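One file, protein_6.cif, is given below (mmCIF, C-alpha atoms).
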```cif
data_structure
loop_
_atom_site.label_atom_id
_atom_site.label_comp_id
_atom_site.auth_asym_id
_atom_site.auth_seq_id
_atom_site.Cartn_x
_atom_site.Cartn_y
_atom_site.Cartn_z
CA MET A 1 129.42 125.46 21.63
CA SER A 2 131.50 128.56 21.03
CA LEU A 3 132.82 129.13 17.50
CA THR A 4 135.49 131.74 16.98
CA SER A 5 136.61 131.24 13.40
CA SER A 6 135.03 130.46 10.06
CA ASP A 7 137.24 127.37 9.89
CA GLN A 8 135.73 126.07 13.16
CA ILE A 9 132.26 126.74 11.84
CA TYR A 10 133.05 124.97 8.57
CA ARG A 11 134.32 121.90 10.41
CA SER A 12 131.45 121.85 12.89
CA ILE A 13 128.64 121.83 10.33
CA GLY A 14 130.36 120.41 7.26
CA GLY A 15 129.37 123.32 5.05
CA PRO A 16 131.18 126.13 3.28
CA PRO A 17 133.11 128.50 5.55
CA VAL A 18 131.55 131.80 6.50
CA THR A 19 133.15 134.88 7.97
CA MET A 20 132.69 135.95 11.56
CA GLN A 21 131.16 139.16 10.21
CA GLU A 22 128.50 137.17 8.35
CA ILE A 23 127.65 135.37 11.58
CA ALA A 24 127.67 138.61 13.58
CA ASP A 25 125.37 140.22 11.03
CA PHE A 26 123.06 137.23 11.24
CA VAL A 27 122.82 137.02 15.04
CA GLY A 28 123.17 140.75 15.68
CA SER A 29 126.45 140.85 17.58
CA SER A 30 130.15 141.19 16.93
CA GLY A 31 133.27 139.40 18.04
CA GLU A 32 133.01 135.92 19.48
CA THR A 33 129.55 134.50 18.98
CA THR A 34 127.83 131.52 20.54
CA VAL A 35 125.32 129.75 18.35
CA THR A 36 123.08 127.31 20.17
CA ALA A 37 121.71 124.16 18.60
CA SER A 38 118.19 125.61 18.70
CA GLN A 39 119.33 128.61 16.63
CA ILE A 40 120.13 126.42 13.64
CA SER A 41 116.96 126.97 11.67
CA ASP A 42 116.98 123.79 9.62
CA SER A 43 118.12 121.49 12.41
CA THR A 44 116.10 118.46 13.43
CA THR A 45 115.39 117.30 16.95
CA VAL A 46 117.85 114.43 16.46
CA GLY A 47 120.53 116.80 15.14
CA ARG A 48 120.07 119.18 18.06
CA ASN A 49 120.26 116.28 20.51
CA VAL A 50 123.52 115.09 18.92
CA LEU A 51 124.97 118.61 19.09
CA THR A 52 124.07 118.97 22.76
CA ALA A 53 124.99 115.43 23.82
CA THR A 54 127.31 115.45 26.82
CA ASP A 55 129.20 112.33 25.78
CA ALA A 56 129.37 109.56 23.16
CA ALA A 57 126.75 107.46 24.94
CA ALA A 58 124.28 110.36 24.87
CA ALA A 59 124.98 110.91 21.15
CA ARG A 60 124.32 107.22 20.45
CA THR A 61 121.07 107.49 22.40
CA ALA A 62 120.12 110.59 20.38
CA ILE A 63 120.39 108.69 17.09
CA GLY A 64 118.77 105.55 18.47
CA ALA A 65 121.89 103.41 18.29
CA GLY A 66 121.70 100.40 20.54
CA THR A 67 117.92 100.50 20.84
CA SER A 68 117.28 97.51 18.64
CA SER A 69 114.69 94.95 19.65
CA LEU A 70 116.97 92.21 18.34
CA ALA A 71 116.52 89.06 20.38
CA LEU A 72 119.17 86.36 20.41
CA GLY A 73 118.09 82.74 20.43
CA THR A 74 117.69 79.67 18.28
CA THR A 75 114.17 80.07 16.88
CA GLY A 76 113.01 81.41 13.55
CA ALA A 77 112.08 84.72 15.20
CA THR A 78 115.48 85.27 16.84
CA ALA A 79 119.06 85.87 15.74
CA LEU A 80 121.84 83.41 16.42
CA ALA A 81 124.61 84.84 18.59
CA GLY A 82 127.89 85.38 16.76
CA ASN A 83 129.82 83.19 19.19
CA THR A 84 127.48 80.21 18.77
CA PRO A 85 129.37 77.10 17.62
CA LYS A 86 128.34 76.16 14.11
CA LEU A 87 128.34 72.81 12.36
CA SER A 88 130.51 72.30 9.31
CA ALA A 89 128.99 71.24 6.01
CA ASN A 90 130.64 67.83 6.52
CA ALA A 91 129.01 67.51 9.97
CA ILE A 92 125.61 68.32 8.48
CA THR A 93 126.15 65.61 5.85
CA ALA A 94 127.19 63.13 8.56
CA ILE A 95 124.13 64.00 10.66
CA ALA A 96 121.85 63.57 7.66
CA ALA A 97 123.29 60.09 7.15
CA LEU A 98 122.30 58.98 10.67
CA THR A 99 119.58 56.35 10.87
CA PRO A 100 117.30 55.10 13.63
CA ALA A 101 119.87 52.36 14.19
CA SER A 102 122.68 54.91 14.83
CA THR A 103 124.25 54.71 18.26
CA ALA A 104 125.01 57.57 20.62
CA ALA A 105 128.64 57.27 19.58
CA ASP A 106 127.59 57.66 15.92
CA ILE A 107 125.67 60.85 16.80
CA VAL A 108 128.58 62.31 18.75
CA ALA A 109 130.98 61.48 15.92
CA ALA A 110 128.65 63.14 13.38
CA LEU A 111 128.39 66.29 15.51
CA GLN A 112 132.18 66.45 15.84
CA THR A 113 132.88 66.02 12.13
CA PRO A 114 135.20 68.85 11.02
#
```

Would it be possible to restate this file's structure as structure tokens?
Amino acid sequence: MSLTSSDQIYRSIGGPPVTMQEIADFVGSSGETTVTASQISDSTTVGRNVLTATDAAAARTAIGAGTSSLALGTTGATALAGNTPKLSANAITAIAALTPASTAADIVAALQTP
């Protein structure tokens, strides 16, 4: 990443702007200066990996986004998929009212209760 103005530096790190001379004094050069991710003394491994990511997917990988062990399913240890049809409160009441004498048609009607 090449930074040529204090405004660019301010925007890139979210901190107060500094002058190019302050940077030159710090890194021992003048004019345009390249600061690598590893030269940021208080950076973390994750931060450096985000700064050097080649694309959005690599940045997401760097922060661990999308690495969840979430398992979709219908058991107590899984999450229900968002597009799973759900029963209405009225359908649940109708299902609860079913008895051993209920017919298949009664069960279907209860499941289809809006």

(message) Let me make sure I understand: among A:Gln112, A:Thr36, A:Thr44, A:Thr67, which one has the smallest atom-to-atom distance to Ala94 (chain A) if we use only C-alpha atoms?
(response) A:Gln112

(message) For this structure, which residues satisfy the selection - the PyMOL selection byres ((chain A and resi 38) around 12) - when it is evaluated on the file as given? I want them as a ChimeraX atom specification.
(response) /A:1,34-37,39-52

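Atom pair CA of Ser88 (chain A) / CA of Ala109 (chain A) has a distance of 12.7 Å (rounded to one decimal).
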
(request) Please indicate the distance in Å from CA of Asp106 (chain A) to CA of Thr84 (chain A), rounded to one decimal place. (result) 22.7 Å

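In this model, the gap between CA of Ile92 (chain A) and CA of Ala105 (chain A) comes to 16.0 Å.
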
Resolved residues for the PyMOL selection byres ((chain A and resi 107) around 12) as a CSV table (one decimal) with C-alpha atoms, in the coordinates of the input:
```csv
chain,number,residue,atom,x,y,z
A,91,ALA,CA,129.0,67.5,10.0
A,92,ILE,CA,125.6,68.3,8.5
A,93,THR,CA,126.2,65.6,5.8
A,94,ALA,CA,127.2,63.1,8.6
A,95,ILE,CA,124.1,64.0,10.7
A,96,ALA,CA,121.8,63.6,7.7
A,97,ALA,CA,123.3,60.1,7.2
A,98,LEU,CA,122.3,59.0,10.7
A,99,THR,CA,119.6,56.4,10.9
A,100,PRO,CA,117.3,55.1,13.6
A,101,ALA,CA,119.9,52.4,14.2
A,102,SER,CA,122.7,54.9,14.8
A,103,THR,CA,124.2,54.7,18.3
A,104,ALA,CA,125.0,57.6,20.6
A,105,ALA,CA,128.6,57.3,19.6
A,106,ASP,CA,127.6,57.7,15.9
A,108,VAL,CA,128.6,62.3,18.8
A,109,ALA,CA,131.0,61.5,15.9
A,110,ALA,CA,128.6,63.1,13.4
A,111,LEU,CA,128.4,66.3,15.5
A,112,GLN,CA,132.2,66.4,15.8
A,113,THR,CA,132.9,66.0,12.1
```
